[in-house]
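Below is one structure; the comments refer to it alone.
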Amino acid sequence: MKDNIKNLVGQIMNLPSEDFQELLKILVHGDHQAPLQLEDFVSGIKSAQVYKCPYCGNTHIVRNGHRPDGVQKFRCCECHRSFVPMTNTIFAHTHKPLSVWQKYIGCVLSQESIRSSAESCGFSIGTSFFWRHKILSALCLMEENVGLEGIAEGDETFFPLSFKGNHKAFACKEASRAPRKRGGEVHTRGLSKELVCVPCAVDRNHRSISRIACMGACSAKALGAALDGKIKQGSTLCADDNAIYRKFAAGNLLNLVQIKGGRKVVRGQFHIQHLNSYHSMMKKFMRKFQGVSSKYLNGYLAWHNFLNYAKEGIDEKARILKEWLVNCSQCVRIADISALPKIKCLI
Ligand SMILES: [Zn+2]
């Protein structure tokens, strides 16, 4: 080792613990500045890429003056339409500066309630609800790109069918039952049609996938609809001894290890204990919201997967989320949120 490196290592080892942590952060993340504000983030990301027309995808575009609030406008030379960097993202049409979005994203990352996020950002509870669901729909889209590999664990979990905040839905066929108390037990024993089935899978790299598949017991078809193609071919799937996993593993070219004799059984590195702890984290997360309506459950599942199960630190998650929101081309409107079906089963 060269002398100058030896000296440097000596100095680093003598640093006080706080300074050492700070240095470590800089070396790992390459970022020693305060977290970027969303405005800088939008212009930084967009200028680092070749600008594309959000309407026709053409790259032949020109600058076209500024909006009254100072935002740069562009015009496409192909379709002649005008746009700004936020066009066709969830920030479009919200009539609020990006600094407010920056604050709201912070509220979502720290799992604040809709009411307290509204107070922090200085707008109505309705706007807070709508913005939360805009972000959750973007997170669902992010989860579409998640793939598992290596050793994966799979199992289903169930949530009571809930029409929270949507009581007109009680008139529908699925809800032809007496209401139950919030968080109460379902009325039928076993895996009745009052339970929403959510197949889940996690890998050892802390990536996770979960989404509503069907009502009641999970069939091979429902499992396939939720997880087909999500686990890389040749990976190993650990699951319980339910026959649906044999069909799923064969169809997806996975090695299957079925853990017979209970959830606590460990066969070397093959077990489903990560999944068990994932399930208990998930239920705890949902309890915080006093039960989630089945209509919005997929969004909350994606939120949990991103926030609680992914292994990145909170600063890195903030960066990933902002980058995704700027780039994911998803312009959700209030009408899209209210038009979501009462429950979206895959089969
Ligand atoms: Zn165009």
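Just so we're on the same page: first chain in the structure tokens is A, next is B, and so on; residues restart at 1 for each chain, and ligands are numbered from 1 in the order they show up.
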
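Restricting the atom set to only C-alpha atoms and all ligand atoms, one finds that the residues within 9 Å of ligand 1 amount to A:Lys52, A:Cys53, A:Pro54, A:Tyr55, A:Cys56, A:Gly57, A:Asn58, A:Thr59, A:His60, A:Ile61, A:Arg75, A:Cys76, A:Cys77, A:Glu78, A:Cys79, A:His80, A:Arg81, A:Ser82.
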
Could those selected residues go to a file with N, CA, C and O atoms, as a tab-separated table (two decimals), in the first residue's frame?
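Done, and the output landed in out-v3.tsv:
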chain	number	residue	atom	x	y	z
A	52	LYS	N	-38.00	14.35	-25.47
A	52	LYS	CA	-38.90	13.68	-26.43
A	52	LYS	C	-40.27	14.30	-26.32
A	52	LYS	O	-40.69	14.71	-25.25
A	53	CYS	N	-40.98	14.37	-27.41
A	53	CYS	CA	-42.34	14.89	-27.37
A	53	CYS	C	-43.22	13.87	-26.64
A	53	CYS	O	-43.23	12.70	-27.00
A	54	PRO	N	-43.94	14.31	-25.57
A	54	PRO	CA	-44.76	13.34	-24.84
A	54	PRO	C	-45.98	12.86	-25.63
A	54	PRO	O	-46.64	11.92	-25.23
A	55	TYR	N	-46.27	13.54	-26.76
A	55	TYR	CA	-47.45	13.15	-27.54
A	55	TYR	C	-47.10	12.18	-28.67
A	55	TYR	O	-47.80	11.21	-28.88
A	56	CYS	N	-45.99	12.48	-29.41
A	56	CYS	CA	-45.69	11.61	-30.56
A	56	CYS	C	-44.32	10.93	-30.43
A	56	CYS	O	-43.97	10.10	-31.26
A	57	GLY	N	-43.55	11.30	-29.41
A	57	GLY	CA	-42.26	10.62	-29.20
A	57	GLY	C	-41.13	11.18	-30.05
A	57	GLY	O	-39.99	10.72	-29.95
A	58	ASN	N	-41.41	12.19	-30.89
A	58	ASN	CA	-40.38	12.75	-31.75
A	58	ASN	C	-39.32	13.49	-30.92
A	58	ASN	O	-39.65	14.10	-29.90
A	59	THR	N	-38.05	13.43	-31.36
A	59	THR	CA	-37.00	14.11	-30.60
A	59	THR	C	-36.64	15.47	-31.21
A	59	THR	O	-35.78	16.17	-30.69
A	60	HIS	N	-37.29	15.81	-32.32
A	60	HIS	CA	-37.01	17.10	-32.94
A	60	HIS	C	-37.90	18.16	-32.29
A	60	HIS	O	-39.03	18.37	-32.70
A	61	ILE	N	-37.37	18.79	-31.25
A	61	ILE	CA	-38.19	19.76	-30.52
A	61	ILE	C	-37.39	21.05	-30.32
A	61	ILE	O	-36.16	21.04	-30.36
A	75	ARG	N	-41.77	22.99	-28.00
A	75	ARG	CA	-42.72	22.69	-29.06
A	75	ARG	C	-42.15	21.59	-29.93
A	75	ARG	O	-40.95	21.56	-30.21
A	76	CYS	N	-43.01	20.67	-30.32
A	76	CYS	CA	-42.58	19.53	-31.15
A	76	CYS	C	-42.65	19.95	-32.61
A	76	CYS	O	-43.67	20.51	-33.05
A	77	CYS	N	-41.59	19.70	-33.37
A	77	CYS	CA	-41.58	20.11	-34.78
A	77	CYS	C	-42.36	19.13	-35.64
A	77	CYS	O	-42.59	19.40	-36.82
A	78	GLU	N	-42.72	17.99	-35.10
A	78	GLU	CA	-43.46	16.99	-35.87
A	78	GLU	C	-44.97	17.21	-35.74
A	78	GLU	O	-45.66	17.44	-36.71
A	79	CYS	N	-45.44	17.18	-34.46
A	79	CYS	CA	-46.91	17.32	-34.28
A	79	CYS	C	-47.30	18.74	-33.88
A	79	CYS	O	-48.48	19.03	-33.70
A	80	HIS	N	-46.29	19.64	-33.73
A	80	HIS	CA	-46.50	21.06	-33.44
A	80	HIS	C	-47.22	21.32	-32.12
A	80	HIS	O	-47.80	22.38	-31.94
A	81	ARG	N	-47.21	20.36	-31.21
A	81	ARG	CA	-47.87	20.61	-29.92
A	81	ARG	C	-46.84	21.14	-28.92
A	81	ARG	O	-45.65	20.85	-29.01
A	82	SER	N	-47.37	21.89	-27.98
A	82	SER	CA	-46.53	22.52	-26.97
A	82	SER	C	-46.54	21.69	-25.70
A	82	SER	O	-47.55	21.06	-25.39

Assign secondary structure with DSSP using the backbone only, and return the residues of range 200-249 of chain A in strand (DSSP E) as JSON, numbers by chain. {"A": [200, 201, 202, 203, 208, 209, 210, 214, 215, 236, 237, 238, 239]}

Would you save the residues from that selection as an mmCIF file, in the first residue's frame, using N, CA and C atoms?
data_model
loop_
_atom_site.group_PDB
_atom_site.id
_atom_site.type_symbol
_atom_site.label_atom_id
_atom_site.label_comp_id
_atom_site.auth_asym_id
_atom_site.auth_seq_id
_atom_site.Cartn_x
_atom_site.Cartn_y
_atom_site.Cartn_z
ATOM 1 N N CYS A 200 -48.318 -13.604 -3.016
ATOM 2 C CA CYS A 200 -47.135 -12.758 -2.783
ATOM 3 C C CYS A 200 -45.880 -13.577 -3.078
ATOM 4 N N ALA A 201 -44.838 -12.904 -3.514
ATOM 5 C CA ALA A 201 -43.549 -13.568 -3.673
ATOM 6 C C ALA A 201 -42.453 -12.574 -3.310
ATOM 7 N N VAL A 202 -41.414 -13.092 -2.645
ATOM 8 C CA VAL A 202 -40.266 -12.239 -2.299
ATOM 9 C C VAL A 202 -38.998 -12.998 -2.674
ATOM 10 N N ASP A 203 -37.915 -12.272 -2.930
ATOM 11 C CA ASP A 203 -36.648 -12.983 -3.103
ATOM 12 C C ASP A 203 -35.665 -12.535 -2.033
ATOM 13 N N SER A 208 -40.069 -7.662 -3.921
ATOM 14 C CA SER A 208 -41.326 -8.329 -3.583
ATOM 15 C C SER A 208 -42.420 -7.960 -4.564
ATOM 16 N N ILE A 209 -43.347 -8.877 -4.744
ATOM 17 C CA ILE A 209 -44.498 -8.658 -5.637
ATOM 18 C C ILE A 209 -45.740 -9.156 -4.921
ATOM 19 N N SER A 210 -46.799 -8.370 -4.938
ATOM 20 C CA SER A 210 -48.065 -8.851 -4.388
ATOM 21 C C SER A 210 -49.188 -8.085 -5.060
ATOM 22 N N CYS A 214 -57.852 -12.928 -6.856
ATOM 23 C CA CYS A 214 -59.224 -13.435 -6.962
ATOM 24 C C CYS A 214 -59.904 -13.336 -5.601
ATOM 25 N N MET A 215 -61.127 -13.801 -5.537
ATOM 26 C CA MET A 215 -61.838 -13.869 -4.258
ATOM 27 C C MET A 215 -61.817 -15.320 -3.790
ATOM 28 N N THR A 236 -35.225 -20.716 -7.936
ATOM 29 C CA THR A 236 -35.846 -21.719 -7.057
ATOM 30 C C THR A 236 -36.990 -21.070 -6.302
ATOM 31 N N LEU A 237 -38.130 -21.724 -6.326
ATOM 32 C CA LEU A 237 -39.277 -21.203 -5.588
ATOM 33 C C LEU A 237 -39.546 -22.087 -4.372
ATOM 34 N N CYS A 238 -39.570 -21.469 -3.186
ATOM 35 C CA CYS A 238 -39.959 -22.195 -1.977
ATOM 36 C C CYS A 238 -41.428 -21.859 -1.712
ATOM 37 N N ALA A 239 -42.222 -22.881 -1.485
ATOM 38 C CA ALA A 239 -43.653 -22.642 -1.228
ATOM 39 C C ALA A 239 -44.182 -23.751 -0.336
#

When you draw a straight line from CA of Lys73 in chain A to CA of Phe129 in chain A, how long is it in Å? 29.4 Å

Closest of A:Val84, A:Leu307, A:Ile334, A:Cys218 to Trp131 in chain A, counting only C-alpha atoms, is A:Ile334

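Distances from A:Ile272, A:Val326, A:Ile5, A:Ala302 to Phe285 in chain A were compared using only C-alpha atoms, and the smallest one belongs to A:Ala302.
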
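Restricting the calculation to only C-alpha atoms, the smallest distance between Trp324 in chain A and any of A:Leu253, A:Ser162, A:Ser99, A:Leu139 is found for A:Leu139.
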
Let me make sure I understand: among A:Pro97, A:Phe248, A:Asp240, A:Cys345, which one has the smallest atom-to-atom distance to Val266 in chain A if we use only C-alpha atoms? A:Asp240

Gap from CA of Ser280 in chain A to CA of Arg211 in chain A - Å, one decimal: 16.0 Å

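Contact shell of Asn242 in chain A at 12 Å (only C-alpha atoms; same-chain neighbours under 3 positions omitted): Gly154, Asp155, Glu156, Ala217, Cys218, Ser219, Ala220, Leu223, Cys238, Ala239, Tyr245, Arg246, Lys247, Phe248, Ala249, Leu256, Val257, Gln258, Ile259, Lys260, Gly261 and Gly262 of chain A.
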
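Among A:Asn305, A:Asn327, A:Gln290, A:Ser17, the residue with the shortest atom-to-atom distance to Lys164 in chain A, counting only C-alpha atoms, is A:Gln290.
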
In Å and to one decimal, CA of Ser338 in chain A is distant from CA of Ser128 in chain A by 14.4 Å

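With only C-alpha atoms as the atoms that count, the minimum distance from Lys322 in chain A to the choices A:Phe20, A:Asp228, A:Gln102, A:Pro341 is reached by A:Gln102.
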
Picked from range 75-295 of chain A by DSSP as helix (DSSP H, G or I), as a PyMOL selection string: chain A and resi 98-109+114-121+125-144+167-171+173-175+220-227+243-251+273-287+294-295

File dump, residues just selected, C-alpha atoms, as a compact mmCIF listing (two decimals), in the first residue's frame:
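Written output follows (selection.txt):
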# COMPACT_ATOMS: atom_id res chain seq x y z
CA LEU A 98 -43.27 21.28 -7.58
CA SER A 99 -42.04 22.45 -4.17
CA VAL A 100 -45.44 21.36 -2.76
CA TRP A 101 -45.08 18.01 -4.50
CA GLN A 102 -41.62 17.70 -2.98
CA LYS A 103 -43.17 18.10 0.46
CA TYR A 104 -45.99 15.68 -0.30
CA ILE A 105 -43.59 12.99 -1.55
CA GLY A 106 -41.81 13.37 1.82
CA CYS A 107 -45.18 12.75 3.57
CA VAL A 108 -45.76 9.59 1.50
CA LEU A 109 -42.27 8.33 2.29
CA ILE A 114 -53.98 11.83 4.48
CA ARG A 115 -55.12 14.41 7.04
CA SER A 116 -51.68 15.22 8.38
CA SER A 117 -50.15 15.36 4.86
CA ALA A 118 -52.89 17.85 3.92
CA GLU A 119 -51.98 19.99 6.95
CA SER A 120 -48.23 19.86 6.16
CA CYS A 121 -48.79 20.87 2.54
CA ILE A 125 -57.98 16.52 2.56
CA GLY A 126 -59.56 15.78 -0.83
CA THR A 127 -56.40 16.93 -2.66
CA SER A 128 -54.27 14.95 -0.24
CA PHE A 129 -56.34 11.81 -0.95
CA PHE A 130 -56.09 12.35 -4.68
CA TRP A 131 -52.32 12.98 -4.63
CA ARG A 132 -51.75 9.89 -2.50
CA HIS A 133 -53.58 7.78 -5.05
CA LYS A 134 -51.71 9.39 -7.94
CA ILE A 135 -48.45 8.30 -6.30
CA LEU A 136 -49.80 4.84 -5.44
CA SER A 137 -50.88 4.28 -9.05
CA ALA A 138 -47.35 5.21 -10.16
CA LEU A 139 -45.95 2.74 -7.60
CA CYS A 140 -48.21 0.00 -9.01
CA LEU A 141 -46.75 0.74 -12.43
CA MET A 142 -43.23 0.58 -10.94
CA GLU A 143 -44.01 -2.84 -9.49
CA GLU A 144 -44.93 -4.11 -12.97
CA HIS A 167 -70.70 2.46 0.86
CA LYS A 168 -72.81 2.66 -2.29
CA ALA A 169 -70.87 -0.43 -3.33
CA PHE A 170 -72.77 -2.39 -0.70
CA ALA A 171 -75.60 -2.50 -3.21
CA LYS A 173 -73.73 -8.42 -5.78
CA GLU A 174 -70.43 -9.28 -4.07
CA ALA A 175 -71.45 -7.29 -1.04
CA ALA A 220 -53.63 -22.25 -10.19
CA LYS A 221 -55.11 -19.88 -12.77
CA ALA A 222 -55.25 -16.98 -10.28
CA LEU A 223 -51.70 -17.63 -9.10
CA GLY A 224 -50.50 -17.68 -12.70
CA ALA A 225 -52.35 -14.44 -13.50
CA ALA A 226 -50.64 -12.69 -10.57
CA LEU A 227 -47.11 -14.08 -10.79
CA ALA A 243 -50.62 -28.29 -5.65
CA ILE A 244 -51.08 -24.90 -7.38
CA TYR A 245 -47.36 -24.20 -6.89
CA ARG A 246 -46.41 -27.38 -8.80
CA LYS A 247 -48.32 -26.20 -11.84
CA PHE A 248 -46.98 -22.64 -11.46
CA ALA A 249 -43.32 -23.77 -11.12
CA ALA A 250 -43.60 -26.12 -14.11
CA GLY A 251 -45.16 -23.39 -16.28
CA GLN A 273 -39.69 -17.44 6.72
CA HIS A 274 -38.81 -14.24 4.86
CA LEU A 275 -42.27 -14.39 3.36
CA ASN A 276 -43.85 -14.98 6.77
CA SER A 277 -42.15 -11.87 8.13
CA TYR A 278 -43.09 -9.97 4.95
CA HIS A 279 -46.74 -10.90 5.57
CA SER A 280 -46.66 -9.74 9.17
CA MET A 281 -45.02 -6.43 8.14
CA MET A 282 -47.70 -6.03 5.49
CA LYS A 283 -50.59 -6.63 7.92
CA LYS A 284 -49.05 -4.19 10.40
CA PHE A 285 -48.72 -1.56 7.67
CA MET A 286 -52.38 -2.02 6.64
CA ARG A 287 -53.58 -1.78 10.26
CA SER A 294 -60.31 -3.40 -1.63
CA LYS A 295 -60.58 -0.80 -4.40
